[in-house]
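S.K.: Supplied structure: upload-v7.cif, mmCIF, C-alpha atoms.
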data_final
loop_
_atom_site.group_PDB
_atom_site.id
_atom_site.type_symbol
_atom_site.label_atom_id
_atom_site.label_comp_id
_atom_site.auth_asym_id
_atom_site.auth_seq_id
_atom_site.Cartn_x
_atom_site.Cartn_y
_atom_site.Cartn_z
ATOM 1 C CA MET A 5 47.496 23.814 87.577
ATOM 2 C CA ASP A 6 47.468 27.220 85.966
ATOM 3 C CA GLN A 7 49.884 29.931 87.074
ATOM 4 C CA ASN A 8 47.354 31.801 89.238
ATOM 5 C CA THR A 9 46.422 28.620 91.099
ATOM 6 C CA ILE A 10 50.081 27.810 91.752
ATOM 7 C CA ARG A 11 50.693 31.356 92.978
ATOM 8 C CA GLU A 12 47.785 31.103 95.439
ATOM 9 C CA ARG A 13 48.824 27.680 96.701
ATOM 10 C CA ILE A 14 52.471 28.713 97.171
ATOM 11 C CA THR A 15 51.402 31.854 99.015
ATOM 12 C CA ASP A 16 49.125 29.852 101.320
ATOM 13 C CA GLN A 17 51.795 27.222 102.010
ATOM 14 C CA PHE A 18 54.559 29.656 102.917
ATOM 15 C CA SER A 19 52.285 32.086 104.752
ATOM 16 C CA TYR A 20 51.265 29.277 107.113
ATOM 17 C CA ARG A 21 47.721 29.258 105.776
ATOM 18 C CA GLY A 22 45.917 26.009 105.024
ATOM 19 C CA GLU A 23 46.652 22.390 105.883
ATOM 20 C CA ARG A 24 49.617 22.051 103.526
ATOM 21 C CA ALA A 25 51.540 24.596 105.559
ATOM 22 C CA ASP A 26 51.604 22.078 108.427
ATOM 23 C CA ILE A 27 54.607 20.261 106.981
ATOM 24 C CA TRP A 28 56.648 23.462 107.419
ATOM 25 C CA ARG A 29 55.386 23.850 110.965
ATOM 26 C CA ALA A 30 56.649 20.312 111.543
ATOM 27 C CA PHE A 31 60.030 21.243 110.051
ATOM 28 C CA ASP A 32 60.067 24.210 112.441
ATOM 29 C CA LEU A 33 60.589 21.734 115.258
ATOM 30 C CA LEU A 34 63.880 20.532 113.731
ATOM 31 C CA LEU A 35 65.159 23.091 111.226
ATOM 32 C CA ASP A 36 65.829 26.809 110.905
ATOM 33 C CA THR A 37 62.759 27.493 108.749
ATOM 34 C CA ASP A 38 62.312 31.008 110.139
ATOM 35 C CA GLU A 39 65.295 31.828 107.907
ATOM 36 C CA PHE A 40 65.987 28.915 105.545
ATOM 37 C CA LEU A 41 63.619 26.905 103.355
ATOM 38 C CA ASN A 42 66.100 24.970 101.212
ATOM 39 C CA LEU A 43 66.884 21.238 101.198
ATOM 40 C CA GLY A 44 70.241 21.574 102.883
ATOM 41 C CA TYR A 45 73.672 20.050 102.245
ATOM 42 C CA SER A 46 75.563 17.581 104.433
ATOM 43 C CA GLU A 47 78.725 15.614 103.857
ATOM 44 C CA TRP A 48 78.616 11.930 104.782
ATOM 45 C CA TYR A 49 79.917 12.606 108.302
ATOM 46 C CA GLN A 50 77.410 15.397 109.078
ATOM 47 C CA PRO A 51 73.950 14.663 110.524
ATOM 48 C CA HIS A 52 71.499 16.404 108.199
ATOM 49 C CA ILE A 53 69.458 18.039 110.974
ATOM 50 C CA VAL A 54 72.455 19.205 112.999
ATOM 51 C CA GLY A 55 74.586 22.286 112.401
ATOM 52 C CA SER A 56 72.255 23.933 109.855
ATOM 53 C CA SER A 57 72.514 21.842 106.714
ATOM 54 C CA GLN A 58 70.486 24.579 105.042
ATOM 55 C CA ARG A 59 73.179 27.158 105.771
ATOM 56 C CA ARG A 60 75.792 24.729 104.413
ATOM 57 C CA LEU A 61 73.977 24.572 101.071
ATOM 58 C CA VAL A 62 74.085 28.368 100.831
ATOM 59 C CA THR A 63 77.820 28.310 101.555
ATOM 60 C CA GLU A 64 78.273 25.782 98.738
ATOM 61 C CA VAL A 65 76.300 27.976 96.320
ATOM 62 C CA GLY A 66 78.135 31.115 97.427
ATOM 63 C CA SER A 67 81.510 29.444 96.892
ATOM 64 C CA MET A 68 80.477 28.533 93.349
ATOM 65 C CA VAL A 69 79.496 32.130 92.631
ATOM 66 C CA ALA A 70 82.785 33.380 94.102
ATOM 67 C CA ALA A 71 84.791 31.014 91.911
ATOM 68 C CA TYR A 72 83.670 32.958 88.809
ATOM 69 C CA LEU A 73 84.336 36.459 90.178
ATOM 70 C CA PRO A 74 87.602 38.285 90.912
ATOM 71 C CA ALA A 75 86.141 39.437 94.244
ATOM 72 C CA THR A 76 82.812 39.324 96.098
ATOM 73 C CA ASP A 77 82.944 42.198 98.575
ATOM 74 C CA GLY A 78 80.317 44.779 97.637
ATOM 75 C CA VAL A 79 79.266 42.878 94.501
ATOM 76 C CA GLN A 80 75.564 43.321 93.664
ATOM 77 C CA LEU A 81 73.819 39.930 93.861
ATOM 78 C CA LEU A 82 70.178 39.105 93.204
ATOM 79 C CA ASP A 83 68.625 36.208 95.142
ATOM 80 C CA VAL A 84 65.547 34.909 93.325
ATOM 81 C CA GLY A 85 63.001 33.207 95.568
ATOM 82 C CA CYS A 86 64.756 34.544 98.661
ATOM 83 C CA GLY A 87 62.280 32.977 101.078
ATOM 84 C CA ARG A 88 62.746 34.289 104.600
ATOM 85 C CA GLY A 89 66.102 35.831 103.841
ATOM 86 C CA GLY A 90 68.475 33.315 105.409
ATOM 87 C CA PRO A 91 70.379 32.540 102.184
ATOM 88 C CA ALA A 92 70.677 36.188 101.129
ATOM 89 C CA LEU A 93 71.852 37.291 104.557
ATOM 90 C CA HIS A 94 74.358 34.452 104.810
ATOM 91 C CA LEU A 95 75.733 35.354 101.364
ATOM 92 C CA ALA A 96 76.077 38.969 102.515
ATOM 93 C CA ASP A 97 77.678 38.070 105.831
ATOM 94 C CA ARG A 98 79.984 35.288 104.611
ATOM 95 C CA PHE A 99 81.068 36.644 101.219
ATOM 96 C CA GLY A 100 80.409 40.398 101.427
ATOM 97 C CA PHE A 101 77.824 40.489 98.626
ATOM 98 C CA HIS A 102 75.354 43.360 98.561
ATOM 99 C CA VAL A 103 72.202 41.284 98.213
ATOM 100 C CA THR A 104 68.735 42.108 96.943
ATOM 101 C CA GLY A 105 66.170 39.363 97.441
ATOM 102 C CA ILE A 106 62.837 38.888 95.677
ATOM 103 C CA ASP A 107 60.038 36.522 96.597
ATOM 104 C CA LEU A 108 56.464 35.982 95.504
ATOM 105 C CA VAL A 109 55.151 35.590 99.067
ATOM 106 C CA PRO A 110 54.679 38.799 101.122
ATOM 107 C CA TYR A 111 55.001 36.860 104.393
ATOM 108 C CA ASN A 112 58.457 35.633 103.357
ATOM 109 C CA VAL A 113 59.593 39.148 102.424
ATOM 110 C CA GLN A 114 58.352 40.482 105.750
ATOM 111 C CA MET A 115 60.295 37.776 107.599
ATOM 112 C CA ALA A 116 63.408 38.424 105.489
ATOM 113 C CA THR A 117 63.266 42.149 106.226
ATOM 114 C CA GLU A 118 62.954 41.478 109.956
ATOM 115 C CA ASN A 119 65.850 39.008 109.862
ATOM 116 C CA ALA A 120 68.038 41.574 108.059
ATOM 117 C CA ARG A 121 67.182 44.160 110.706
ATOM 118 C CA ASP A 122 68.046 41.732 113.500
ATOM 119 C CA MET A 123 71.410 40.951 111.862
ATOM 120 C CA HIS A 124 72.117 44.634 111.109
ATOM 121 C CA LEU A 125 72.747 43.834 107.468
ATOM 122 C CA ASP A 126 71.944 46.254 104.659
ATOM 123 C CA SER A 127 70.015 43.908 102.365
ATOM 124 C CA GLN A 128 66.806 44.701 100.508
ATOM 125 C CA PHE A 129 63.852 42.386 100.009
ATOM 126 C CA VAL A 130 61.062 42.963 97.498
ATOM 127 C CA VAL A 131 57.773 41.205 96.724
ATOM 128 C CA SER A 132 58.084 40.355 93.037
ATOM 129 C CA ASP A 133 57.317 37.764 90.391
ATOM 130 C CA ALA A 134 60.572 36.258 89.093
ATOM 131 C CA THR A 135 59.216 36.407 85.537
ATOM 132 C CA GLN A 136 58.737 40.196 85.795
ATOM 133 C CA LEU A 137 61.719 41.523 87.714
ATOM 134 C CA PRO A 138 61.512 45.220 88.654
ATOM 135 C CA PHE A 139 65.157 45.999 87.845
ATOM 136 C CA THR A 140 66.935 47.685 84.979
ATOM 137 C CA ARG A 141 69.334 45.963 82.607
ATOM 138 C CA ASP A 142 72.826 45.230 83.982
ATOM 139 C CA SER A 143 71.764 45.819 87.611
ATOM 140 C CA PHE A 144 73.591 42.798 89.067
ATOM 141 C CA THR A 145 76.884 40.967 88.696
ATOM 142 C CA ALA A 146 75.583 37.687 90.112
ATOM 143 C CA CYS A 147 72.329 35.879 90.793
ATOM 144 C CA THR A 148 71.362 32.903 92.927
ATOM 145 C CA ALA A 149 68.173 30.848 93.100
ATOM 146 C CA ILE A 150 68.421 28.325 95.916
ATOM 147 C CA ASP A 151 65.809 25.565 95.708
ATOM 148 C CA ALA A 152 63.262 28.136 94.528
ATOM 149 C CA LEU A 153 62.613 27.678 90.814
ATOM 150 C CA VAL A 154 61.038 24.281 91.454
ATOM 151 C CA TYR A 155 57.934 26.240 92.503
ATOM 152 C CA LEU A 156 57.761 28.230 89.261
ATOM 153 C CA PRO A 157 56.070 26.844 86.128
ATOM 154 C CA ASP A 158 57.833 29.076 83.585
ATOM 155 C CA ARG A 159 61.533 28.625 84.306
ATOM 156 C CA ASN A 160 62.470 29.605 80.734
ATOM 157 C CA ARG A 161 60.985 33.042 81.280
ATOM 158 C CA VAL A 162 62.744 33.366 84.649
ATOM 159 C CA PHE A 163 66.127 32.686 83.040
ATOM 160 C CA ALA A 164 65.406 35.202 80.272
ATOM 161 C CA THR A 165 64.396 37.881 82.784
ATOM 162 C CA VAL A 166 67.401 37.205 85.008
ATOM 163 C CA ALA A 167 69.692 37.395 81.980
ATOM 164 C CA ASP A 168 68.409 40.903 81.283
ATOM 165 C CA THR A 169 69.298 42.065 84.802
ATOM 166 C CA LEU A 170 72.841 40.652 84.803
ATOM 167 C CA LYS A 171 75.911 42.436 83.522
ATOM 168 C CA PRO A 172 78.003 40.869 80.714
ATOM 169 C CA GLU A 173 79.821 37.809 82.072
ATOM 170 C CA GLY A 174 77.567 37.871 85.117
ATOM 171 C CA VAL A 175 77.172 34.528 86.881
ATOM 172 C CA LEU A 176 74.047 32.596 87.816
ATOM 173 C CA VAL A 177 74.046 29.693 90.286
ATOM 174 C CA VAL A 178 70.848 27.683 90.715
ATOM 175 C CA SER A 179 70.275 24.780 93.074
ATOM 176 C CA ASP A 180 67.065 22.883 92.493
ATOM 177 C CA LEU A 181 65.139 19.652 92.798
ATOM 178 C CA VAL A 182 64.742 17.920 89.445
ATOM 179 C CA MET A 183 63.311 14.682 88.120
ATOM 180 C CA GLN A 184 65.554 11.952 86.734
ATOM 181 C CA SER A 185 65.458 11.979 82.957
ATOM 182 C CA ASP A 186 64.947 8.226 82.491
ATOM 183 C CA VAL A 187 61.821 7.688 84.631
ATOM 184 C CA THR A 188 59.056 5.354 83.504
ATOM 185 C CA GLU A 189 55.459 6.513 83.191
ATOM 186 C CA THR A 190 54.677 4.968 86.578
ATOM 187 C CA GLU A 191 57.628 6.747 88.190
ATOM 188 C CA ARG A 192 56.649 10.026 86.530
ATOM 189 C CA ARG A 193 53.166 9.730 88.060
ATOM 190 C CA LEU A 194 54.737 9.295 91.491
ATOM 191 C CA VAL A 195 56.830 12.434 90.944
ATOM 192 C CA ASP A 196 53.783 14.357 89.696
ATOM 193 C CA SER A 197 51.765 13.283 92.750
ATOM 194 C CA PHE A 198 54.598 14.483 94.980
ATOM 195 C CA ALA A 199 54.753 17.824 93.162
ATOM 196 C CA ASP A 200 51.008 18.325 93.496
ATOM 197 C CA ALA A 201 51.071 17.459 97.217
ATOM 198 C CA TRP A 202 53.780 20.079 97.782
ATOM 199 C CA ASP A 203 52.159 22.752 95.555
ATOM 200 C CA MET A 204 54.740 22.554 92.787
ATOM 201 C CA PRO A 205 54.266 22.494 89.018
ATOM 202 C CA SER A 206 55.675 19.512 87.122
ATOM 203 C CA LEU A 207 59.346 19.050 87.897
ATOM 204 C CA GLY A 208 61.933 19.601 85.194
ATOM 205 C CA THR A 209 64.980 17.509 84.348
ATOM 206 C CA VAL A 210 68.648 18.453 84.122
ATOM 207 C CA GLU A 211 68.367 18.433 80.334
ATOM 208 C CA GLU A 212 65.368 20.792 80.421
ATOM 209 C CA TYR A 213 67.157 23.234 82.726
ATOM 210 C CA LYS A 214 70.228 23.221 80.478
ATOM 211 C CA ALA A 215 68.088 23.753 77.384
ATOM 212 C CA ALA A 216 66.276 26.667 79.050
ATOM 213 C CA LEU A 217 69.597 28.285 79.955
ATOM 214 C CA ASP A 218 70.980 27.721 76.451
ATOM 215 C CA GLU A 219 67.931 29.421 74.921
ATOM 216 C CA THR A 220 68.853 32.645 76.704
ATOM 217 C CA SER A 221 72.257 34.323 76.689
ATOM 218 C CA PHE A 222 73.645 31.954 79.346
ATOM 219 C CA GLU A 223 76.453 29.468 78.839
ATOM 220 C CA VAL A 224 76.274 26.506 81.198
ATOM 221 C CA LYS A 225 79.634 26.144 82.946
ATOM 222 C CA ALA A 226 79.009 23.320 85.406
ATOM 223 C CA VAL A 227 76.348 20.934 86.674
ATOM 224 C CA GLU A 228 76.943 19.338 90.072
ATOM 225 C CA ASP A 229 74.734 16.548 91.423
ATOM 226 C CA ILE A 230 74.471 16.879 95.215
ATOM 227 C CA THR A 231 71.666 14.344 95.700
ATOM 228 C CA LYS A 232 73.631 12.187 98.134
ATOM 229 C CA HIS A 233 74.217 15.263 100.299
ATOM 230 C CA SER A 234 70.540 16.213 100.585
ATOM 231 C CA VAL A 235 67.485 14.318 99.323
ATOM 232 C CA GLY A 236 69.489 11.128 99.535
ATOM 233 C CA ARG A 237 69.283 11.549 103.305
ATOM 234 C CA PHE A 238 65.557 12.303 103.513
ATOM 235 C CA ARG A 239 64.271 8.856 102.566
ATOM 236 C CA LYS A 240 65.718 7.443 105.790
ATOM 237 C CA TRP A 241 63.541 9.900 107.696
ATOM 238 C CA THR A 242 60.424 9.310 105.614
ATOM 239 C CA THR A 243 60.938 5.551 105.995
ATOM 240 C CA LEU A 244 61.234 5.888 109.767
ATOM 241 C CA TYR A 245 58.150 8.108 109.998
ATOM 242 C CA LEU A 246 55.993 5.742 107.938
ATOM 243 C CA GLN A 247 57.266 2.715 109.874
ATOM 244 C CA LEU A 248 56.317 4.396 113.152
ATOM 245 C CA LEU A 249 52.850 5.130 111.787
ATOM 246 C CA ALA A 250 52.454 1.445 110.967
ATOM 247 C CA SER A 251 53.424 0.497 114.533
ATOM 248 C CA PRO A 252 51.563 0.696 117.873
ATOM 249 C CA LEU A 253 53.110 4.174 118.261
ATOM 250 C CA ARG A 254 50.776 5.637 115.619
ATOM 251 C CA THR A 255 48.303 7.019 118.147
ATOM 252 C CA LEU A 256 51.073 8.636 120.173
ATOM 253 C CA ILE A 257 52.607 10.265 117.076
ATOM 254 C CA GLU A 258 49.265 11.631 115.922
ATOM 255 C CA ARG A 259 48.605 13.016 119.392
ATOM 256 C CA LEU A 260 52.004 14.686 119.428
ATOM 257 C CA LEU A 261 51.338 16.266 116.035
ATOM 258 C CA GLY A 262 47.925 17.417 117.226
ATOM 259 C CA ALA A 263 49.502 18.924 120.357
ATOM 260 C CA CYS A 264 51.724 20.995 118.040
ATOM 261 C CA ASP A 265 48.586 22.160 116.186
ATOM 262 C CA LEU A 266 49.460 20.049 113.146
ATOM 263 C CA ASP A 267 47.057 18.037 111.028
ATOM 264 C CA PRO A 268 48.361 14.423 111.124
ATOM 265 C CA ALA A 269 46.529 13.424 107.935
ATOM 266 C CA ALA A 270 47.829 16.363 105.881
ATOM 267 C CA THR A 271 51.375 15.967 107.182
ATOM 268 C CA THR A 272 51.388 12.220 106.528
ATOM 269 C CA GLU A 273 50.069 12.690 102.981
ATOM 270 C CA GLN A 274 52.981 14.954 102.084
ATOM 271 C CA VAL A 275 55.545 12.688 103.745
ATOM 272 C CA ARG A 276 54.135 9.632 101.952
ATOM 273 C CA GLU A 277 54.101 11.333 98.542
ATOM 274 C CA ALA A 278 57.690 12.487 99.077
ATOM 275 C CA HIS A 279 58.741 8.998 100.171
ATOM 276 C CA HIS A 280 57.412 7.428 96.968
ATOM 277 C CA ALA A 281 59.017 10.064 94.716
ATOM 278 C CA LEU A 282 62.436 10.515 96.340
ATOM 279 C CA PRO A 283 64.156 7.627 94.478
ATOM 280 C CA PHE A 284 63.399 9.410 91.195
ATOM 281 C CA LEU A 285 64.528 12.892 92.214
ATOM 282 C CA ARG A 286 67.890 14.606 92.038
ATOM 283 C CA HIS A 287 69.240 17.725 93.726
ATOM 284 C CA VAL A 288 71.470 19.637 91.330
ATOM 285 C CA ILE A 289 73.474 22.867 91.210
ATOM 286 C CA PHE A 290 73.756 24.640 87.844
ATOM 287 C CA VAL A 291 76.406 27.273 87.178
ATOM 288 C CA ALA A 292 75.948 29.514 84.137
ATOM 289 C CA GLU A 293 77.510 32.698 82.860
ATOM 290 C CA ILE A 294 76.236 35.463 80.603
ATOM 291 C CA GLU A 295 78.089 35.161 77.342
ATOM 292 C CA ALA A 296 80.397 38.050 76.567
ATOM 293 C CA ALA A 297 79.066 40.518 74.026
#
How does this structure look as structure tokens?

M.R.:
Amino acid sequence: MDQNTIRERITDQFSYRGERADIWRAFDLLLDTDEFLNLGYSEWYQPHIVGSSQRRLVTEVGSMVAAYLPATDGVQLLDVGCGRGGPALHLADRFGFHVTGIDLVPYNVQMATENARDMHLDSQFVVSDATQLPFTRDSFTACTAIDALVYLPDRNRVFATVADTLKPEGVLVVSDLVMQSDVTETERRLVDSFADAWDMPSLGTVEEYKAALDETSFEVKAVEDITKHSVGRFRKWTTLYLQLLASPLRTLIERLLGACDLDPAATTEQVREAHHALPFLRHVIFVAEIEAA
């Protein structure tokens, strides 16, 4: 897929246009997708769909940012791929950051702005391409990208652009879905089919993310694998869903999806592609810092 095609498909998916947006409508029944679009984070004792696992991931990311700063109150933070504003607003409310969010999808920015108004938080949200940020050099002390760069084909350019907007010794924390580095050709095809079904470009690996950061003025400080806290949980749900479809309950499930105005075939395709790819995916948090001049 070329960049324009990806842009159009991402916009359609997250604006609730087209059949591939149905998976998010399905998530709406269980998760806080009016605010959060990330994969979530749950310790072993926490049910993944209870207590806002998505908010917990943002808390984890925010704590990592805070660990590299003397203080967070009033600190200017850029949230790349802000989605519907939940992460940015939680970072502002929990840590005191002054957050500016950017997202490619106008619908997401509209939702984020409305959510900020409802929470009475002074956060700004802008429609922008992460490879062409509309900010001057040294505008921010910190930057987050929470499960967002997986949708962007040119992550190297994103890191370079973000580096230009951060102050010296500014910190970047990225959580993202990546492909295992030792996959076979067959496993890679399963991951590529998953990415295509979910309107993503080819997934990167940990090594590729680290190389992209190293090519800019970032120094990688930490890499934390949180797979068992997120995508490690999802395969239980995809397994259950596919087992139910193979049972006499299939007709009932498809009727229920239809009653919620969801396309059963489109939803099942995305679940099935995810199910096949999940064993070869990792969920990782990268922490990097702008090298001192």

S.K.: Can you work out the spacing between CA of Ala96 (chain A) and CA of Gly236 (chain A) in Å, to one decimal?

M.R.: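 That distance, rounded to one decimal, is 28.8 Å.
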
S.K.: If the PyMOL selection byres ((chain A and resi 106) around 8) were run on this exact file, what residues would it hold? Put them as an MDAnalysis selection string.

M.R.: chainID A and resid 82:86 104:105 107:108 113 129:134

S.K.: Residues within 6 Å of region 184-201 of chain A, please, as a ChimeraX atom specification. Count all atoms listed in the file; anything in the same chain fewer than 3 positions from it doesn't count.

M.R.: /A:204,209,274,277-278,281,284-285

S.K.: Using all atoms of region 229-241 of chain A listed in the file and a margin of 8 Å per side, can you give the axis-aligned box centre and edge lengths in Å to one decimal, as AutoDock Vina command-line options?

M.R.:
--center_x 69.1 --center_y 12.2 --center_z 99.6 --size_x 27.2 --size_y 25.4 --size_z 32.3

S.K.: What separation in Å, quoted to one decimal, exists between CA of Phe222 (chain A) and CA of Val62 (chain A)?

M.R.: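 Result for CA of Phe222 (chain A) versus CA of Val62 (chain A): 21.8 Å, one decimal.
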
S.K.: Using all atoms listed in the file, which of A:Ala120, A:Val79, A:Ile230, A:Val109 sits nearest Ala92 (chain A)?

M.R.: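 For Ala92 (chain A), the nearest of the candidates is A:Ala120.
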
S.K.: What is the distance, in Å and to one decimal place, between CA of Pro205 (chain A) and CA of Gly174 (chain A)?

M.R.: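 Spanning CA of Pro205 (chain A) to CA of Gly174 (chain A) is a straight-line distance of 28.2 Å.
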
S.K.: Residues at most 8 Å from region 138-155 of chain A, counting only C-alpha atoms, excluding those fewer than 5 positions away in the same chain, as a VMD selection string?

M.R.: chain A and resid 14 42 to 43 62 65 69 79 to 86 91 132 166 168 to 182 203 to 205 207 to 208

S.K.: Can you tell me, as an MDAnalysis selection string, what residues are no more than 12 Å from Asp16 (chain A) when counting all atoms listed in the file, ignoring any on the same chain fewer than 3 positions away?

M.R.: chainID A and resid 9:13 19:26 28 108:112 202:203

S.K.: For region 266-271 of chain A, find every residue with an atom within 6 Å (counting all atoms listed in the file), except residues of its own chain fewer than 5 positions away, and show them as a count of residues only.

M.R.: 4

S.K.: Considering all atoms listed in the file, can you say which of A:Met68, A:Gly100, A:Thr272, A:Leu61 comes closest to Arg254 (chain A)?

M.R.: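 Comparing A:Met68, A:Gly100, A:Thr272, A:Leu61 against Arg254 (chain A), the winner is A:Thr272.
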
S.K.: At a cut-off of 6 Å, using all atoms listed in the file, what residues contact Tyr45 (chain A)? Leave out same-chain residues fewer than 5 positions from it and give the result as a short mmCIF file (atom, residue, chain, number, x, y, z; two decimals) with C-alpha atoms, in the frame of the given file.

M.R.:
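In the end it all went to out.cif:
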data_model
loop_
_atom_site.label_atom_id
_atom_site.label_comp_id
_atom_site.auth_asym_id
_atom_site.auth_seq_id
_atom_site.Cartn_x
_atom_site.Cartn_y
_atom_site.Cartn_z
CA SER A 57 72.51 21.84 106.71
CA ARG A 60 75.79 24.73 104.41
CA LEU A 61 73.98 24.57 101.07
CA HIS A 233 74.22 15.26 100.30
CA SER A 234 70.54 16.21 100.58
#

S.K.: Name the residues within 12 Å of (67.5, 41.6, 111.9), counting all atoms listed in the file in the file's coordinates, and put them as a PyMOL selection string.

M.R.: chain A and resi 38-39+88-90+93+114-128

S.K.: Take the PyMOL selection byres ((chain A and resi 218) around 12), apply it to the structure above, and return the hits as JSON, numbers by chain.

M.R.: {"A": [160, 163, 164, 167, 211, 212, 213, 214, 215, 216, 217, 219, 220, 221, 222, 223, 224, 225, 292, 293, 294, 295]}

S.K.: When you count only C-alpha atoms, which of these residues is closest to Gln50 (chain A): A:Val210, A:Asp265, A:Glu64, A:Arg237?

M.R.: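 Once distances to Gln50 (chain A) are computed over only C-alpha atoms, the minimum belongs to A:Arg237.
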
S.K.: Which residue, A:Leu41, A:Leu249, A:Leu137, A:Ala75, has the smallest gap to Gly87 (chain A) when you use all atoms listed in the file?

M.R.: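 Of A:Leu41, A:Leu249, A:Leu137, A:Ala75, the one nearest Gly87 (chain A) is A:Leu41, counting all atoms listed in the file.
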
S.K.: A:His280, A:Arg29, A:Arg59, A:His102: which is nearest Gly262 (chain A), counting all atoms listed in the file?

M.R.: A:Arg29
